Each structure stands twice: as C-alpha cells, then as structure tokens.
$ cat structure37.cif   # mmCIF, C-alpha atoms and all ligand atoms
data_entry
#
loop_
_atom_site.group_PDB
_atom_site.id
_atom_site.type_symbol
_atom_site.label_atom_id
_atom_site.label_comp_id
_atom_site.auth_asym_id
_atom_site.auth_seq_id
_atom_site.Cartn_x
_atom_site.Cartn_y
_atom_site.Cartn_z
ATOM 1 C CA MET A 245 151.999 41.872 -44.819
ATOM 2 C CA ASN A 246 149.095 41.800 -42.356
ATOM 3 C CA ILE A 247 149.633 42.572 -38.688
ATOM 4 C CA ILE A 248 147.640 43.009 -35.493
ATOM 5 C CA LEU A 249 148.363 45.695 -32.897
ATOM 6 C CA LEU A 250 147.206 44.138 -29.636
ATOM 7 C CA GLY A 251 147.009 45.943 -26.312
ATOM 8 C CA PRO A 252 144.726 47.488 -23.692
ATOM 9 C CA PRO A 253 142.907 50.823 -24.129
ATOM 10 C CA GLY A 254 145.491 53.607 -24.369
ATOM 11 C CA ALA A 255 148.414 51.302 -25.174
ATOM 12 C CA GLY A 256 149.196 53.331 -28.310
ATOM 13 C CA LYS A 257 147.664 51.087 -30.993
ATOM 14 C CA GLY A 258 146.097 53.941 -32.961
ATOM 15 C CA THR A 259 149.205 56.135 -32.643
ATOM 16 C CA GLN A 260 151.467 53.417 -34.022
ATOM 17 C CA ALA A 261 148.974 52.293 -36.694
ATOM 18 C CA ARG A 262 148.906 55.820 -38.131
ATOM 19 C CA ARG A 263 152.697 55.912 -38.310
ATOM 20 C CA LEU A 264 152.792 52.545 -40.044
ATOM 21 C CA GLU A 265 150.270 53.814 -42.576
ATOM 22 C CA LYS A 266 152.438 56.830 -43.291
ATOM 23 C CA GLU A 267 155.773 55.030 -43.301
ATOM 24 C CA ARG A 268 154.856 51.739 -44.964
ATOM 25 C CA GLY A 269 151.722 52.441 -46.966
ATOM 26 C CA MET A 270 149.759 49.928 -44.937
ATOM 27 C CA ILE A 271 146.046 50.374 -44.181
ATOM 28 C CA GLN A 272 144.782 50.823 -40.613
ATOM 29 C CA LEU A 273 141.608 48.884 -39.890
ATOM 30 C CA SER A 274 140.371 50.184 -36.539
ATOM 31 C CA THR A 275 137.059 48.675 -35.498
ATOM 32 C CA GLY A 276 136.767 51.455 -32.887
ATOM 33 C CA ASP A 277 137.004 54.118 -35.626
ATOM 34 C CA MET A 278 134.542 52.202 -37.838
ATOM 35 C CA LEU A 279 132.034 51.964 -34.995
ATOM 36 C CA ARG A 280 132.432 55.668 -34.125
ATOM 37 C CA GLU A 281 131.844 56.503 -37.791
ATOM 38 C CA ALA A 282 128.685 54.379 -37.779
ATOM 39 C CA ARG A 283 127.384 56.096 -34.648
ATOM 40 C CA ASN A 284 128.105 59.565 -36.030
ATOM 41 C CA SER A 285 126.248 58.676 -39.225
ATOM 42 C CA GLY A 286 123.150 57.884 -37.158
ATOM 43 C CA SER A 287 122.722 54.524 -38.933
ATOM 44 C CA GLU A 288 120.609 51.823 -37.282
ATOM 45 C CA MET A 289 123.748 49.932 -36.302
ATOM 46 C CA GLY A 290 125.378 53.135 -35.020
ATOM 47 C CA VAL A 291 122.458 53.832 -32.707
ATOM 48 C CA LYS A 292 122.601 50.243 -31.469
ATOM 49 C CA VAL A 293 126.298 50.359 -30.571
ATOM 50 C CA ALA A 294 126.451 53.884 -29.074
ATOM 51 C CA ARG A 295 125.318 52.890 -25.574
ATOM 52 C CA ILE A 296 127.591 49.833 -25.503
ATOM 53 C CA MET A 297 130.652 51.873 -26.513
ATOM 54 C CA ASP A 298 129.981 54.699 -24.070
ATOM 55 C CA ALA A 299 129.723 52.167 -21.247
ATOM 56 C CA GLY A 300 133.082 50.658 -22.292
ATOM 57 C CA GLU A 301 131.644 47.245 -23.114
ATOM 58 C CA LEU A 302 132.389 45.194 -26.220
ATOM 59 C CA VAL A 303 130.100 45.321 -29.242
ATOM 60 C CA THR A 304 128.936 41.893 -30.497
ATOM 61 C CA ASP A 305 131.373 39.726 -32.450
ATOM 62 C CA GLU A 306 128.885 39.513 -35.319
ATOM 63 C CA ILE A 307 128.887 43.286 -35.916
ATOM 64 C CA VAL A 308 132.659 43.792 -35.851
ATOM 65 C CA ILE A 309 133.418 40.685 -37.920
ATOM 66 C CA GLY A 310 130.957 41.998 -40.541
ATOM 67 C CA LEU A 311 132.759 45.367 -40.613
ATOM 68 C CA ILE A 312 136.161 43.723 -41.104
ATOM 69 C CA GLU A 313 134.868 41.384 -43.784
ATOM 70 C CA GLU A 314 133.648 44.379 -45.831
ATOM 71 C CA LYS A 315 137.067 46.050 -45.626
ATOM 72 C CA LEU A 316 138.949 42.907 -46.652
ATOM 73 C CA GLN A 317 136.778 42.676 -49.739
ATOM 74 C CA GLU A 318 137.578 46.276 -50.671
ATOM 75 C CA ARG A 319 141.346 45.606 -50.842
ATOM 76 C CA PRO A 320 142.090 42.008 -51.802
ATOM 77 C CA GLY A 321 145.892 42.602 -51.816
ATOM 78 C CA GLY A 322 146.102 42.931 -48.019
ATOM 79 C CA GLY A 323 148.622 45.145 -46.193
ATOM 80 C CA PHE A 324 146.372 45.627 -43.165
ATOM 81 C CA ILE A 325 147.081 46.791 -39.637
ATOM 82 C CA PHE A 326 144.294 45.424 -37.460
ATOM 83 C CA ASP A 327 143.880 47.923 -34.605
ATOM 84 C CA GLY A 328 141.505 46.912 -31.811
ATOM 85 C CA PHE A 329 140.481 43.774 -33.667
ATOM 86 C CA PRO A 330 140.315 40.942 -32.823
ATOM 87 C CA ARG A 331 139.223 41.413 -29.227
ATOM 88 C CA THR A 332 137.802 37.968 -28.434
ATOM 89 C CA LEU A 333 138.831 34.415 -29.274
ATOM 90 C CA ALA A 334 135.799 34.129 -31.581
ATOM 91 C CA GLN A 335 136.951 37.237 -33.479
ATOM 92 C CA ALA A 336 140.486 35.806 -33.720
ATOM 93 C CA ASP A 337 139.170 32.558 -35.216
ATOM 94 C CA ALA A 338 136.960 34.527 -37.613
ATOM 95 C CA LEU A 339 139.900 36.697 -38.734
ATOM 96 C CA GLY A 340 141.973 33.588 -39.478
ATOM 97 C CA ASP A 341 139.117 32.163 -41.579
ATOM 98 C CA LEU A 342 138.492 35.456 -43.405
ATOM 99 C CA LEU A 343 142.161 35.923 -44.303
ATOM 100 C CA ALA A 344 142.423 32.318 -45.516
ATOM 101 C CA ARG A 345 139.320 32.824 -47.658
ATOM 102 C CA HIS A 346 141.018 35.849 -49.265
ATOM 103 C CA GLY A 347 144.239 33.890 -49.826
ATOM 104 C CA GLN A 348 146.042 35.880 -47.145
ATOM 105 C CA ALA A 349 147.712 35.225 -43.814
ATOM 106 C CA LEU A 350 148.603 36.991 -40.607
ATOM 107 C CA ASP A 351 152.314 37.803 -40.341
ATOM 108 C CA ALA A 352 152.775 39.225 -36.849
ATOM 109 C CA VAL A 353 150.893 40.223 -33.714
ATOM 110 C CA ILE A 354 152.588 43.144 -31.954
ATOM 111 C CA GLU A 355 151.625 43.207 -28.285
ATOM 112 C CA LEU A 356 152.031 46.696 -26.793
ATOM 113 C CA ARG A 357 152.756 46.235 -23.089
ATOM 114 C CA VAL A 358 151.792 49.157 -20.849
ATOM 115 C CA ASP A 359 150.937 49.153 -17.130
ATOM 116 C CA ASP A 360 147.520 50.214 -15.860
ATOM 117 C CA ASP A 361 148.559 53.492 -14.170
ATOM 118 C CA GLU A 362 150.070 54.698 -17.428
ATOM 119 C CA LEU A 363 146.935 53.682 -19.366
ATOM 120 C CA VAL A 364 144.783 55.810 -17.061
ATOM 121 C CA ARG A 365 147.175 58.751 -17.505
ATOM 122 C CA ARG A 366 147.150 58.404 -21.290
ATOM 123 C CA ILE A 367 143.390 58.041 -21.640
ATOM 124 C CA SER A 368 142.642 60.977 -19.336
ATOM 125 C CA GLY A 369 144.885 63.307 -21.383
ATOM 126 C CA ARG A 370 143.916 62.173 -24.862
ATOM 127 C CA TYR A 371 142.168 64.307 -27.487
ATOM 128 C CA THR A 372 141.799 63.814 -31.226
ATOM 129 C CA CYS A 373 141.179 65.895 -34.303
ATOM 130 C CA GLY A 374 137.545 65.542 -35.336
ATOM 131 C CA GLU A 375 138.517 66.089 -38.990
ATOM 132 C CA CYS A 376 141.612 63.950 -39.686
ATOM 133 C CA GLY A 377 141.667 61.750 -36.551
ATOM 134 C CA GLU A 378 145.210 62.733 -35.442
ATOM 135 C CA VAL A 379 145.732 61.735 -31.776
ATOM 136 C CA TYR A 380 147.190 64.108 -29.138
ATOM 137 C CA HIS A 381 147.855 64.152 -25.402
ATOM 138 C CA ASP A 382 147.719 67.087 -22.962
ATOM 139 C CA ASP A 383 151.202 66.346 -21.561
ATOM 140 C CA THR A 384 153.105 64.086 -23.954
ATOM 141 C CA ARG A 385 151.892 65.204 -27.370
ATOM 142 C CA PRO A 386 150.054 68.529 -27.319
ATOM 143 C CA THR A 387 149.267 70.371 -30.566
ATOM 144 C CA LYS A 388 152.000 72.874 -31.498
ATOM 145 C CA VAL A 389 149.425 75.697 -31.593
ATOM 146 C CA GLU A 390 146.819 75.399 -28.849
ATOM 147 C CA GLY A 391 143.422 74.308 -30.169
ATOM 148 C CA LYS A 392 144.655 73.670 -33.730
ATOM 149 C CA CYS A 393 145.472 70.304 -35.317
ATOM 150 C CA ASP A 394 149.138 70.101 -36.441
ATOM 151 C CA LYS A 395 148.231 67.891 -39.355
ATOM 152 C CA CYS A 396 145.174 69.487 -40.986
ATOM 153 C CA GLY A 397 144.797 72.818 -39.162
ATOM 154 C CA SER A 398 141.278 72.049 -37.948
ATOM 155 C CA THR A 399 140.122 73.553 -34.648
ATOM 156 C CA ASN A 400 137.643 70.692 -34.164
ATOM 157 C CA LEU A 401 139.555 68.906 -31.373
ATOM 158 C CA LYS A 402 137.514 66.456 -29.294
ATOM 159 C CA ARG A 403 137.628 64.088 -26.332
ATOM 160 C CA ARG A 404 135.983 60.684 -26.636
ATOM 161 C CA ALA A 405 132.753 59.944 -24.744
ATOM 162 C CA ASP A 406 134.258 56.706 -23.341
ATOM 163 C CA ASP A 407 137.452 58.400 -22.078
ATOM 164 C CA ASN A 408 136.107 58.856 -18.539
ATOM 165 C CA PRO A 409 137.127 57.006 -15.338
ATOM 166 C CA GLU A 410 133.945 54.867 -15.100
ATOM 167 C CA ALA A 411 133.992 53.643 -18.722
ATOM 168 C CA LEU A 412 137.755 53.135 -18.573
ATOM 169 C CA LYS A 413 137.353 50.729 -15.631
ATOM 170 C CA THR A 414 134.926 48.666 -17.727
ATOM 171 C CA ARG A 415 137.163 48.842 -20.818
ATOM 172 C CA LEU A 416 140.137 47.547 -18.828
ATOM 173 C CA MET A 417 138.022 44.772 -17.321
ATOM 174 C CA GLU A 418 136.750 43.768 -20.763
ATOM 175 C CA TYR A 419 140.355 43.701 -21.987
ATOM 176 C CA TYR A 420 141.607 41.451 -19.200
ATOM 177 C CA LYS A 421 138.589 39.114 -19.361
ATOM 178 C CA LYS A 422 138.030 38.815 -23.110
ATOM 179 C CA THR A 423 141.032 40.150 -25.050
ATOM 180 C CA SER A 424 144.129 39.192 -23.038
ATOM 181 C CA PRO A 425 143.587 35.444 -23.775
ATOM 182 C CA LEU A 426 144.624 36.344 -27.342
ATOM 183 C CA ILE A 427 148.201 36.775 -26.089
ATOM 184 C CA GLY A 428 148.448 33.031 -25.424
ATOM 185 C CA TYR A 429 146.468 32.222 -28.578
ATOM 186 C CA TYR A 430 148.933 34.040 -30.845
ATOM 187 C CA TYR A 431 151.974 32.946 -28.842
ATOM 188 C CA ALA A 432 150.955 29.336 -29.525
ATOM 189 C CA LYS A 433 150.730 30.172 -33.238
ATOM 190 C CA GLY A 434 154.275 31.605 -33.165
ATOM 191 C CA LEU A 435 153.034 35.060 -34.184
ATOM 192 C CA LEU A 436 153.400 37.057 -30.951
ATOM 193 C CA TYR A 437 155.989 39.858 -30.644
ATOM 194 C CA PRO A 438 155.838 41.805 -27.357
ATOM 195 C CA VAL A 439 157.028 45.420 -27.462
ATOM 196 C CA ASN A 440 157.595 47.800 -24.528
ATOM 197 C CA GLY A 441 154.716 50.252 -24.998
ATOM 198 C CA LEU A 442 155.936 52.385 -22.061
ATOM 199 C CA ALA A 443 158.791 53.779 -24.120
ATOM 200 C CA PRO A 444 158.418 57.119 -25.960
ATOM 201 C CA ILE A 445 156.342 57.015 -29.170
ATOM 202 C CA ASP A 446 159.405 57.120 -31.491
ATOM 203 C CA THR A 447 161.141 54.308 -29.599
ATOM 204 C CA VAL A 448 158.023 52.111 -29.746
ATOM 205 C CA ALA A 449 157.861 52.766 -33.509
ATOM 206 C CA GLN A 450 161.514 51.742 -33.872
ATOM 207 C CA GLU A 451 160.924 48.532 -31.896
ATOM 208 C CA ILE A 452 157.956 47.683 -34.122
ATOM 209 C CA ALA A 453 160.068 48.338 -37.232
ATOM 210 C CA LEU A 454 162.734 45.984 -35.899
ATOM 211 C CA VAL A 455 160.120 43.270 -35.456
ATOM 212 C CA LEU A 456 158.584 43.774 -38.907
ATOM 213 C CA ASP A 457 161.908 44.009 -40.739
ATOM 214 C CA GLY A 458 163.625 41.317 -38.723
ATOM 215 C CA ARG A 459 161.119 38.529 -39.194
ATOM 216 C CA PRO A 460 162.335 35.603 -41.273
ATOM 217 C CA GLY A 461 161.389 36.158 -44.927
ATOM 218 C CA SER A 462 160.795 39.924 -44.558
HETATM 219 P P1 LIG B 1 138.876 51.480 -29.614
HETATM 220 O O1 LIG B 1 138.637 52.718 -30.361
HETATM 221 O O2 LIG B 1 139.568 50.345 -30.296
HETATM 222 O O3 LIG B 1 139.585 51.866 -28.264
HETATM 223 P P2 LIG B 1 140.628 51.105 -27.309
HETATM 224 O O4 LIG B 1 141.024 49.725 -27.658
HETATM 225 O O5 LIG B 1 140.068 51.313 -25.962
HETATM 226 O O6 LIG B 1 141.935 51.808 -27.604
HETATM 227 P P3 LIG B 1 142.161 53.305 -27.612
HETATM 228 O O7 LIG B 1 141.788 53.891 -28.942
HETATM 229 O O8 LIG B 1 141.539 53.936 -26.391
HETATM 230 O O9 LIG B 1 143.734 53.397 -27.371
HETATM 231 P P4 LIG B 1 144.958 53.144 -28.313
HETATM 232 O O10 LIG B 1 145.682 51.911 -27.892
HETATM 233 O O11 LIG B 1 144.627 53.276 -29.765
HETATM 234 O O12 LIG B 1 145.870 54.384 -27.849
HETATM 235 P P5 LIG B 1 146.218 55.761 -28.584
HETATM 236 O O13 LIG B 1 147.176 55.516 -29.683
HETATM 237 O O14 LIG B 1 144.982 56.541 -28.869
HETATM 238 O O15 LIG B 1 137.477 50.884 -29.092
HETATM 239 C C1 LIG B 1 136.484 51.708 -28.504
HETATM 240 C C2 LIG B 1 135.236 50.889 -28.222
HETATM 241 O O16 LIG B 1 134.687 50.367 -29.455
HETATM 242 C C3 LIG B 1 135.435 49.627 -27.352
HETATM 243 O O17 LIG B 1 135.397 49.947 -25.979
HETATM 244 C C4 LIG B 1 134.229 48.767 -27.793
HETATM 245 O O18 LIG B 1 133.034 49.233 -27.225
HETATM 246 C C5 LIG B 1 134.159 49.035 -29.284
HETATM 247 N N1 LIG B 1 134.983 48.100 -30.069
HETATM 248 C C6 LIG B 1 136.046 48.421 -30.859
HETATM 249 N N2 LIG B 1 136.562 47.338 -31.445
HETATM 250 C C7 LIG B 1 135.807 46.285 -31.015
HETATM 251 C C8 LIG B 1 135.882 44.875 -31.267
HETATM 252 N N3 LIG B 1 136.834 44.351 -32.063
HETATM 253 N N4 LIG B 1 134.968 44.079 -30.649
HETATM 254 C C9 LIG B 1 134.009 44.604 -29.854
HETATM 255 N N5 LIG B 1 133.893 45.924 -29.573
HETATM 256 C C10 LIG B 1 134.796 46.763 -30.151
HETATM 257 O O19 LIG B 1 147.040 56.476 -27.381
HETATM 258 C C11 LIG B 1 146.377 56.920 -26.206
HETATM 259 C C12 LIG B 1 147.015 58.239 -25.723
HETATM 260 O O20 LIG B 1 148.358 57.979 -25.304
HETATM 261 C C13 LIG B 1 147.126 59.316 -26.813
HETATM 262 O O21 LIG B 1 146.865 60.566 -26.237
HETATM 263 C C14 LIG B 1 148.573 59.227 -27.318
HETATM 264 O O22 LIG B 1 149.066 60.481 -27.774
HETATM 265 C C15 LIG B 1 149.301 58.738 -26.063
HETATM 266 N N6 LIG B 1 150.410 57.833 -26.363
HETATM 267 C C16 LIG B 1 150.422 56.817 -27.268
HETATM 268 N N7 LIG B 1 151.600 56.166 -27.245
HETATM 269 C C17 LIG B 1 152.353 56.777 -26.281
HETATM 270 C C18 LIG B 1 153.667 56.551 -25.783
HETATM 271 N N8 LIG B 1 154.457 55.583 -26.250
HETATM 272 N N9 LIG B 1 154.111 57.358 -24.795
HETATM 273 C C19 LIG B 1 153.334 58.372 -24.299
HETATM 274 N N10 LIG B 1 152.078 58.640 -24.750
HETATM 275 C C20 LIG B 1 151.599 57.843 -25.724
#
$ encode --input "structure37.cif" --output "structure tokens"
Amino acid sequence: MNIILLGPPGAGKGTQARRLEKERGMIQLSTGDMLREARNSGSEMGVKVARIMDAGELVTDEIVIGLIEEKLQERPGGGFIFDGFPRTLAQADALGDLLARHGQALDAVIELRVDDDELVRRISGRYTCGECGEVYHDDTRPTKVEGKCDKCGSTNLKRRADDNPEALKTRLMEYYKKTSPLIGYYYAKGLLYPVNGLAPIDTVAQEIALVLDGRPGS
C-alpha cells in the first residue's frame, strides 16, 4: 500500500508517518527530512536548498522528484508513506508516473485538517531529536526527562531553522497557493480521505487506521 499524508506545516504528517512505520512496517519518505539531510551533509545540492528552506519557500520540483525517484528504486515492493510530497500539481503528476513505471499505484491520500492558529501553536512549540528524529512539543508532547529523547536517550534536541514566525508565514502561503490544489486533484481521483487533525495524536492515528483498514479491498 502507498499513501500520501497531505496537510499544511505542523498538521502532524511526520508524527503520524512515524507511527505508521512502527505499526505497519511502512516506509516514511519525507522530502523535508531528505532535504535537511542533504543540507547537513554540505553537498552541492544541500547548499543550494538551504536558503530556500530557511525562508519557507518550496525547493524546485526537479530536485524533490529526483530524490523520490531514487527512493522508489531502492525498494521496488512499495509500502511508502509520502510525507510532504507531492507539494505541487507537477509533483503529483510526476509521482503518478513514477509509481506506474514501478508497477505500483497510490492507494489513499490522507488529508490532515488543522486550522491556522493551531498550526502556529504547534510549530512554535516543536523540537526534534537530532539523532533519531523523534518529534516533541513543549506543551502537548514534552520528553519524559527534560532535555533527553524518550526514544534513543540522546540529549541532542533541536529546533528547526524554519520554525520561526516569518518563515512560517511563507510556508503557509506556499501551502495555500501551491499545495492545497492537490486536495481537489486527489478528490477527483477518488483517493482523498479527510481526517480531523485537531484531535489528539492517538485519535488521529485511530482515524487514519480506520481509513486504511476500511478501504475496499484492504
Ligand atoms: P517539511 O519538513 O515537509 O515541513 P512541513 O510540511 O512544513 O511540515 P512539518 O514537518 O513542519 O510539519 P508536520 O505536518 O510533519 O508536523 P509534525 O508531525 O512535525 O518541509 C520543510 C521545507 O522543505 C519546506 O518548507 C520546503 O522548503 C522544503 N520541501 C520539503 N518537501 C518539499 C517538496 N515536496 N517540494 C518542495 N519543497 C519541499 O507536528 C508538528 C508539531 O505538532 C509537533 O511538535 C508535534 O508533536 C505536534 N503535533 C502533531 N500532531 C498533533 C496533534 N494531533 N495534537 C497536538 N499536537 C500535535
């Protein structure tokens, strides 16, 4: 099964993708994580995208499609959770073509619906483990021991460079201008499943499970 988690910055895509990995053995393909990895490695592409990401703008379709294509080749059997990809209609078309070329299909697009005030609250309180990538929040999901990752015990907890009010404004604008048209695109393909992303993390996970297990043929 291949699915997309679609939603604005802070909607909970990464949080839910990690749970799906753990619970269903699926593979999270986060273009945001791939791009951050590239920038941390200091590669030519990483240097090129760093400024764009920090400003909250979208990286070019060509770069992210190339990253996804590489990952699809690595695991021909599928089982992917696309997190933060596609983000434009061109990327959505490219994903359809890539999956078809690998003899695969898209099974569901889960749209996480969250209002803007909540997104701002979530982004401003978010921090992640620099070692294992576990995601936390100052108020709703703090680490059990202050300054120490629950999952791997690392003390390398970080806040993202683009999690600031100025970049968030741009990220939201990019979402509404370039990514939200995908809601209609996937609705028309009969693949869209909206989920209330405002609910607590466990409830959102249950709603997603209901969608994935309740689809015809699943
Ligand atoms: P990316 O890394 O994809 O960031 P994003 O889409 O802005 O999404 P986030 O990671 O901020 O949020 P999320 O929905 O995963 O929420 P999370 O689970 O962390 O992209 C970053 C940048 O890379 C882009 O701006 C762009 O420059 C570039 N890029 C990436 N992909 C691209 C593409 N395809 N094309 C072009 N450019 C691309 O949750 C947020 C917080 O809320 C956490 O603290 C969490 O604990 C908390 N939380 C989660 N769920 C709940 C809940 N139900 N209730 C309460 N709190 C919750």
$ resolve_selection --input "structure37.cif" --expression "the PyMOL selection byres (((chain A and resi 433-446) around 10) and not hetatm)" --output "PyMOL selection string"
chain A and resi 247-251+254-257+259-260+263+350-359+362-363+384-385+426-432+447-452+455-456
$ write_last_selection --input "structure37.cif" --atoms "C-alpha atoms" --output "mmCIF file, in the frame of the given file"
data_model
loop_
_atom_site.group_PDB
_atom_site.id
_atom_site.type_symbol
_atom_site.label_atom_id
_atom_site.label_comp_id
_atom_site.auth_asym_id
_atom_site.auth_seq_id
_atom_site.Cartn_x
_atom_site.Cartn_y
_atom_site.Cartn_z
ATOM 1 C CA ILE A 247 149.633 42.572 -38.688
ATOM 2 C CA ILE A 248 147.640 43.009 -35.493
ATOM 3 C CA LEU A 249 148.363 45.695 -32.897
ATOM 4 C CA LEU A 250 147.206 44.138 -29.636
ATOM 5 C CA GLY A 251 147.009 45.943 -26.312
ATOM 6 C CA GLY A 254 145.491 53.607 -24.369
ATOM 7 C CA ALA A 255 148.414 51.302 -25.174
ATOM 8 C CA GLY A 256 149.196 53.331 -28.310
ATOM 9 C CA LYS A 257 147.664 51.087 -30.993
ATOM 10 C CA THR A 259 149.205 56.135 -32.643
ATOM 11 C CA GLN A 260 151.467 53.417 -34.022
ATOM 12 C CA ARG A 263 152.697 55.912 -38.310
ATOM 13 C CA LEU A 350 148.603 36.991 -40.607
ATOM 14 C CA ASP A 351 152.314 37.803 -40.341
ATOM 15 C CA ALA A 352 152.775 39.225 -36.849
ATOM 16 C CA VAL A 353 150.893 40.223 -33.714
ATOM 17 C CA ILE A 354 152.588 43.144 -31.954
ATOM 18 C CA GLU A 355 151.625 43.207 -28.285
ATOM 19 C CA LEU A 356 152.031 46.696 -26.793
ATOM 20 C CA ARG A 357 152.756 46.235 -23.089
ATOM 21 C CA VAL A 358 151.792 49.157 -20.849
ATOM 22 C CA ASP A 359 150.937 49.153 -17.130
ATOM 23 C CA GLU A 362 150.070 54.698 -17.428
ATOM 24 C CA LEU A 363 146.935 53.682 -19.366
ATOM 25 C CA THR A 384 153.105 64.086 -23.954
ATOM 26 C CA ARG A 385 151.892 65.204 -27.370
ATOM 27 C CA LEU A 426 144.624 36.344 -27.342
ATOM 28 C CA ILE A 427 148.201 36.775 -26.089
ATOM 29 C CA GLY A 428 148.448 33.031 -25.424
ATOM 30 C CA TYR A 429 146.468 32.222 -28.578
ATOM 31 C CA TYR A 430 148.933 34.040 -30.845
ATOM 32 C CA TYR A 431 151.974 32.946 -28.842
ATOM 33 C CA ALA A 432 150.955 29.336 -29.525
ATOM 34 C CA THR A 447 161.141 54.308 -29.599
ATOM 35 C CA VAL A 448 158.023 52.111 -29.746
ATOM 36 C CA ALA A 449 157.861 52.766 -33.509
ATOM 37 C CA GLN A 450 161.514 51.742 -33.872
ATOM 38 C CA GLU A 451 160.924 48.532 -31.896
ATOM 39 C CA ILE A 452 157.956 47.683 -34.122
ATOM 40 C CA VAL A 455 160.120 43.270 -35.456
ATOM 41 C CA LEU A 456 158.584 43.774 -38.907
#
$ closest_residue --input "structure37.cif" --among "A:Leu273, A:Val379, A:Ala453, A:Ala282" --to "ligand LIG 1 (chain B)" --atoms "all atoms listed in the file"
A:Val379
$ residues_around --input "structure37.cif" --residues "A:Gly321" --least-positions-apart "5" --cutoff "9 Å" --atoms "only C-alpha atoms" --output "number ranges by chain"
A: 316, 346, 348
$ write_last_selection --input "structure37.cif" --atoms "C-alpha atoms" --output "short mmCIF file (atom, residue, chain, number, x, y, z; two decimals), keeping the file's coordinate frame"
data_model
loop_
_atom_site.label_atom_id
_atom_site.label_comp_id
_atom_site.auth_asym_id
_atom_site.auth_seq_id
_atom_site.Cartn_x
_atom_site.Cartn_y
_atom_site.Cartn_z
CA LEU A 316 138.95 42.91 -46.65
CA HIS A 346 141.02 35.85 -49.26
CA GLN A 348 146.04 35.88 -47.14
#
$ residues_near_point --input "structure37.cif" --point "(133.5, 51.5, -21.7)" --cutoff "7 Å" --atoms "all atoms listed in the file" --output "PyMOL selection string"
chain A and resi 297-301+406+411-412+414-415
$ closest_residue --input "structure37.cif" --among "A:Ala405, A:Ile271, A:Val364, A:Cys396" --to "A:Pro253" --atoms "all atoms listed in the file"
A:Val364
$ axis_aligned_box --input "structure37.cif" --around "stretch 385-404 of chain A" --padding-each-side "5 Å" --output "lines of an AutoDock Vina configuration file"
center_x = 144.0
center_y = 68.2
center_z = -33.7
size_x = 26.0
size_y = 25.0
size_z = 24.7
$ residues_around --input "structure37.cif" --residues "stretch 286-296 of chain A" --least-positions-apart "5" --cutoff "12 Å" --atoms "all atoms listed in the file" --output "list in words"
Thr275, Gly276, Asp277, Met278, Leu279, Arg280, Glu281, Glu301, Leu302, Val303, Thr304, Asp305, Glu306, Ile307, Val308, Gly310, Leu311, Arg404, Ala405, Asp406, Ala411, Thr414, Arg415 and Glu418 of chain A
$ atom_distance --input "structure37.cif" --atom1 "atom CA of A:Asn246" --atom2 "atom C15 of ligand LIG 1 (chain B)"
23.5 Å
$ atom_distance --input "structure37.cif" --atom1 "atom CA of A:Leu339" --atom2 "atom CA of A:Gly258"
19.2 Å
